[in-house]
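*Asks:* Just passing along the structure, written as structure tokens.
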Amino acid sequence: MDTIASLFSFITTPVSWVIVQFHSLYGAIFGPDTGWAWGLSIVSLVVLIRICLIPLFVKQIKATRAMQTLQPEMKKIQERYKSDKQRQSEEMMKLYKESGTNPLSSCLPILAQSPFFFALYHVLSGIASNDTIGVIDKPLLESAQKAHIFGAPLAAKFMDSQEKVEALHASLTDVRVVTAIMIVLMSFSQFYTQRQLMTKNVDTTVKTPFMQQQKMLMYVFPVMFAVFGINFPVGVLVYWLTTNLWTMCQQMFVIRRNPTPGSKAQAAFLERLQKQLTHTKKVRGRGNTNIIKAIVAKGRDRNEFERKFINGLSKEGLAAQADGSVAPSDSAVATETEDGTPAGGGAPKRQQPKRQSKSQRQSAAAQSKAESDAETASDAKTSLEKTQDEPEDAAPKDKAAGGKSGSGNARQAKSGQRKGQQRPKHPSKK
């Protein structure tokens, strides 16, 4: 124990000092020997660590999304060089370098948090073994041993024996009930965090092995927490439960405010943003401005949800600008002139005719045929009347002409005709 503690002394001393400082604060409120004072000190330690790790969390999000976009290219490289592992690794590293991504970036928060976890584990193990560690001296050690959380000492474990638990002035049943509940809550929070990441914040248009990997981790991590949790002290379970709850809330905030493009979370976010812009006609927040700017810059590469967002703004008379703002759309607010063309001088929209049913088409054809027959009958009647009136009107004209023209026309007609019986033409010459 002393050897392990000496290896982690560079981190156990600062961790124990932070716990003691928070304990002095909460001890003045709840009492120095209470579980609330020591438990809240551990919770405050987690909050402090996670606040310091926020920049790494942002890098983790960017790295995860970058890896999602690179999955199709990675799959092509694996298929192309599946027989040459060395060339495959070289091409992978080249792809990472060109895209500026690092696979280890997604593990940075866990790696950075691991030393604090081991340091806290050794501090609590020292309390259970009645050993001073870090800045925790003998009086603080005795105070920590008296602290119980719902009847379970901070240093007690699920697998501890009856004698060891009684030495900490507690009941084995209380210890196992409290630790079992905390292990279940810890596993459930981990499962829910991973599930909401898979179901809401993953691009559903791209099917990659990365999604299968995340789906597998969604079930593996809770099992791991359950298996290792029975060997963790109650104080460490408080630490991990607080960490998982923080991660879950942080993930929910990121999914709501900055979802992955192409995911269900982005569809819900853009729908809320469209309603807000329709109501206020103004973009609020730097994050919303950056998201609109990115959507406009994509152009034809927009996904289904982004196109729906742009079209929805256009229907409301708004247009997204390149700087991330919105402005009234000229095409939407332009009025029409008397001839039906837009006032802005643009060509009127061509309207597609409504599709008619079969009965409507048949009735329209019958009506058109009836009108055509009536028009033909009317033309025939008019022609007949003109024919009957022509001799009376034409006689004076023929008399005035002296009859020469009439004889000349008859002669021309006779000369144009062939004498004798005419032979009928062959059908091919008709």
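Each chain of the structure tokens is named A, B, ... in the order shown, its residues numbered from 1; ligands are numbered from 1 in display order.
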Pick out the residues sitting within 9 Å of A:Thr243, and hand them over as an mmCIF file with C-alpha atoms, in the first residue's frame; count only C-alpha atoms, and ignore anything fewer than 4 positions along from it in its own chain.
*Replies:*
data_model
loop_
_atom_site.group_PDB
_atom_site.id
_atom_site.type_symbol
_atom_site.label_atom_id
_atom_site.label_comp_id
_atom_site.auth_asym_id
_atom_site.auth_seq_id
_atom_site.Cartn_x
_atom_site.Cartn_y
_atom_site.Cartn_z
ATOM 1 C CA VAL A 43 -19.070 15.722 -5.243
ATOM 2 C CA VAL A 46 -15.847 15.953 -9.249
ATOM 3 C CA VAL A 47 -17.477 19.242 -10.289
ATOM 4 C CA ARG A 50 -15.068 18.379 -14.785
ATOM 5 C CA VAL A 238 -20.142 8.630 -5.173
ATOM 6 C CA TYR A 239 -17.349 9.968 -7.362
ATOM 7 C CA THR A 247 -21.570 13.640 -18.339
ATOM 8 C CA MET A 248 -25.237 12.851 -18.996
#
*Asks:* What does the distance from atom CA of A:Phe305 to atom CA of A:Gly262 come to in Å, to one decimal?
*Replies:*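 So the answer is 6.9 Å.
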*Asks:* Pick out the residues sitting within 12 Å of stretch 324-328 of chain A, and hand them over as a PyMOL selection string; count only C-alpha atoms, and ignore anything fewer than 4 positions along from it in its own chain.
*Replies:* chain A and resi 273-274+276-278+280-297+310+313-320+332-334
*Asks:* Residues of stretch 274-327 of chain A classed as strand (DSSP E or B) by DSSP on the backbone are to be reported as a ChimeraX atom specification.
*Replies:* /A:318-320,326-327
*Asks:* Need to verify the contact set: A:Thr101, 7 Å, only C-alpha atoms, exclusion of same-chain residues closer than 4 positions in sequence. Can you return it as number ranges by chain?
*Replies:* A: 63, 66, 96-97
*Asks:* Which residues are close to A:Gly235, i.e. within 10 Å by only C-alpha atoms, leaving aside same-chain residues fewer than 5 positions away? Reply as an MDAnalysis selection string.
*Replies:* chainID A and resid 38:39 42:43 120:121 123:125 148:149 152:157 179 240:241
*Asks:* Keeping only all heavy atoms, write those residues as a compact mmCIF listing (two decimals), in the first residue's frame.
*Replies:*
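Below is the file again15.txt, written as the result:
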# COMPACT_ATOMS: atom_id res chain seq x y z
N TRP A 38 -18.50 14.97 4.10
CA TRP A 38 -17.52 14.24 3.30
C TRP A 38 -18.06 13.88 1.91
O TRP A 38 -17.33 13.93 0.92
CB TRP A 38 -17.08 12.98 4.04
CG TRP A 38 -16.18 13.26 5.19
CD1 TRP A 38 -16.52 13.35 6.51
CD2 TRP A 38 -14.77 13.52 5.13
NE1 TRP A 38 -15.43 13.64 7.29
CE2 TRP A 38 -14.32 13.75 6.45
CE3 TRP A 38 -13.84 13.58 4.11
CZ2 TRP A 38 -13.01 14.04 6.78
CZ3 TRP A 38 -12.52 13.86 4.41
CH2 TRP A 38 -12.11 14.08 5.74
N GLY A 39 -19.34 13.52 1.83
CA GLY A 39 -19.92 13.19 0.53
C GLY A 39 -19.97 14.38 -0.41
O GLY A 39 -19.60 14.28 -1.59
N ILE A 42 -16.60 15.18 -1.89
CA ILE A 42 -16.25 14.36 -3.06
C ILE A 42 -17.00 14.85 -4.30
O ILE A 42 -16.43 14.93 -5.39
CB ILE A 42 -16.56 12.88 -2.78
CG1 ILE A 42 -15.69 12.37 -1.62
CG2 ILE A 42 -16.35 12.03 -4.03
CD1 ILE A 42 -16.02 10.97 -1.17
N VAL A 43 -18.28 15.20 -4.12
CA VAL A 43 -19.07 15.72 -5.24
C VAL A 43 -18.46 17.02 -5.76
O VAL A 43 -18.34 17.24 -6.98
CB VAL A 43 -20.54 15.92 -4.82
CG1 VAL A 43 -21.31 16.67 -5.90
CG2 VAL A 43 -21.20 14.59 -4.51
N LEU A 120 -8.16 9.37 -5.63
CA LEU A 120 -9.27 9.29 -4.68
C LEU A 120 -9.43 7.87 -4.16
O LEU A 120 -9.74 7.67 -2.97
CB LEU A 120 -10.56 9.75 -5.37
CG LEU A 120 -11.83 9.72 -4.51
CD1 LEU A 120 -11.70 10.68 -3.33
CD2 LEU A 120 -13.06 10.07 -5.35
N TYR A 121 -9.24 6.89 -5.03
CA TYR A 121 -9.35 5.49 -4.60
C TYR A 121 -8.34 5.19 -3.49
O TYR A 121 -8.68 4.55 -2.49
CB TYR A 121 -9.11 4.56 -5.80
CG TYR A 121 -9.22 3.09 -5.48
CD1 TYR A 121 -10.46 2.46 -5.46
CD2 TYR A 121 -8.09 2.35 -5.19
CE1 TYR A 121 -10.56 1.11 -5.17
CE2 TYR A 121 -8.18 1.00 -4.89
CZ TYR A 121 -9.42 0.38 -4.89
OH TYR A 121 -9.53 -0.95 -4.58
N VAL A 123 -6.90 7.37 -1.48
CA VAL A 123 -7.23 8.15 -0.28
C VAL A 123 -8.29 7.42 0.54
O VAL A 123 -8.17 7.28 1.77
CB VAL A 123 -7.72 9.56 -0.68
CG1 VAL A 123 -8.34 10.27 0.52
CG2 VAL A 123 -6.55 10.39 -1.22
N LEU A 124 -9.34 6.92 -0.15
CA LEU A 124 -10.40 6.21 0.57
C LEU A 124 -9.91 4.86 1.09
O LEU A 124 -10.35 4.40 2.16
CB LEU A 124 -11.61 6.03 -0.35
CG LEU A 124 -12.29 7.33 -0.78
CD1 LEU A 124 -13.38 7.05 -1.81
CD2 LEU A 124 -12.89 8.05 0.42
N SER A 125 -9.02 4.21 0.34
CA SER A 125 -8.46 2.95 0.84
C SER A 125 -7.62 3.19 2.09
O SER A 125 -7.60 2.36 3.01
CB SER A 125 -7.61 2.29 -0.26
OG SER A 125 -8.41 1.96 -1.37
N HIS A 148 -20.91 8.43 7.43
CA HIS A 148 -21.72 7.40 6.77
C HIS A 148 -22.68 8.07 5.78
O HIS A 148 -23.22 9.15 6.05
CB HIS A 148 -22.54 6.60 7.79
CG HIS A 148 -21.70 5.73 8.67
ND1 HIS A 148 -20.81 6.23 9.59
CD2 HIS A 148 -21.62 4.37 8.78
CE1 HIS A 148 -20.21 5.25 10.23
NE2 HIS A 148 -20.68 4.10 9.76
N ILE A 149 -22.89 7.41 4.63
CA ILE A 149 -23.87 7.87 3.64
C ILE A 149 -25.00 6.86 3.62
O ILE A 149 -24.83 5.72 3.16
CB ILE A 149 -23.22 8.00 2.25
CG1 ILE A 149 -22.12 9.08 2.28
CG2 ILE A 149 -24.26 8.35 1.20
CD1 ILE A 149 -21.40 9.25 0.97
N ALA A 152 -23.90 3.67 5.20
CA ALA A 152 -22.72 2.98 4.65
C ALA A 152 -21.50 3.89 4.80
O ALA A 152 -21.54 5.05 4.38
CB ALA A 152 -22.94 2.65 3.18
N PRO A 153 -20.40 3.40 5.42
CA PRO A 153 -19.18 4.21 5.55
C PRO A 153 -18.57 4.53 4.19
O PRO A 153 -18.73 3.78 3.22
CB PRO A 153 -18.26 3.32 6.38
CG PRO A 153 -19.15 2.31 7.03
CD PRO A 153 -20.28 2.11 6.08
N LEU A 154 -17.84 5.64 4.09
CA LEU A 154 -17.22 6.06 2.83
C LEU A 154 -16.23 5.02 2.31
O LEU A 154 -16.10 4.83 1.10
CB LEU A 154 -16.50 7.40 3.02
CG LEU A 154 -17.37 8.65 3.20
CD1 LEU A 154 -16.50 9.86 3.45
CD2 LEU A 154 -18.23 8.87 1.97
N ALA A 155 -15.52 4.33 3.22
CA ALA A 155 -14.47 3.39 2.81
C ALA A 155 -14.95 1.95 2.67
O ALA A 155 -14.17 1.07 2.33
CB ALA A 155 -13.32 3.44 3.81
N ALA A 156 -16.24 1.68 2.91
CA ALA A 156 -16.77 0.31 2.84
C ALA A 156 -17.03 -0.10 1.40
O ALA A 156 -17.34 0.73 0.54
CB ALA A 156 -18.05 0.21 3.65
N LYS A 157 -16.91 -1.42 1.13
CA LYS A 157 -17.14 -1.99 -0.19
C LYS A 157 -18.23 -3.05 -0.13
O LYS A 157 -18.54 -3.58 0.95
CB LYS A 157 -15.85 -2.62 -0.75
CG LYS A 157 -14.65 -1.69 -0.79
CD LYS A 157 -13.42 -2.46 -1.25
CE LYS A 157 -12.18 -1.60 -1.16
NZ LYS A 157 -10.96 -2.35 -1.55
N THR A 179 -24.55 0.23 -1.66
CA THR A 179 -23.64 0.06 -2.79
C THR A 179 -24.34 -0.53 -4.01
O THR A 179 -24.05 -0.14 -5.15
CB THR A 179 -22.46 -0.85 -2.40
OG1 THR A 179 -22.97 -2.07 -1.83
CG2 THR A 179 -21.56 -0.17 -1.38
N TRP A 240 -17.94 8.30 -9.08
CA TRP A 240 -18.31 7.88 -10.43
C TRP A 240 -19.76 8.18 -10.75
O TRP A 240 -20.10 8.50 -11.90
CB TRP A 240 -18.04 6.38 -10.61
CG TRP A 240 -16.64 6.11 -11.09
CD1 TRP A 240 -15.65 5.48 -10.41
CD2 TRP A 240 -16.08 6.50 -12.34
NE1 TRP A 240 -14.51 5.44 -11.15
CE2 TRP A 240 -14.73 6.06 -12.35
CE3 TRP A 240 -16.57 7.18 -13.45
CZ2 TRP A 240 -13.88 6.28 -13.43
CZ3 TRP A 240 -15.71 7.40 -14.52
CH2 TRP A 240 -14.39 6.95 -14.51
N LEU A 241 -20.64 8.07 -9.77
CA LEU A 241 -22.05 8.41 -10.00
C LEU A 241 -22.19 9.89 -10.33
O LEU A 241 -22.92 10.28 -11.25
CB LEU A 241 -22.90 8.04 -8.77
CG LEU A 241 -24.39 8.36 -8.87
CD1 LEU A 241 -25.03 7.64 -10.05
CD2 LEU A 241 -25.10 7.98 -7.57
*Asks:* From a DSSP pass on the backbone, collect the residues of stretch 118-367 of chain A flagged as helix (DSSP H, G or I) and hand them back as a VMD selection string.
*Replies:* chain A and resid 118 to 128 138 to 146 162 to 167 172 to 200 209 to 229 234 to 257 264 to 280 286 to 301 304 to 315 330 to 333 358 to 367
*Asks:* Have a look at atom CA of A:Met198 and atom CA of A:Lys215 and let me know their distance in Å, one decimal.
*Replies:*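 So the answer is 7.0 Å.
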*Asks:* Tell me, as a list in words, which residues lie within 7 Å of A:Met159, counting only C-alpha atoms; anything in the same chain fewer than 2 positions away does not count.
*Replies:* Lys157, Ser161, Ile230 and Asn231 of chain A
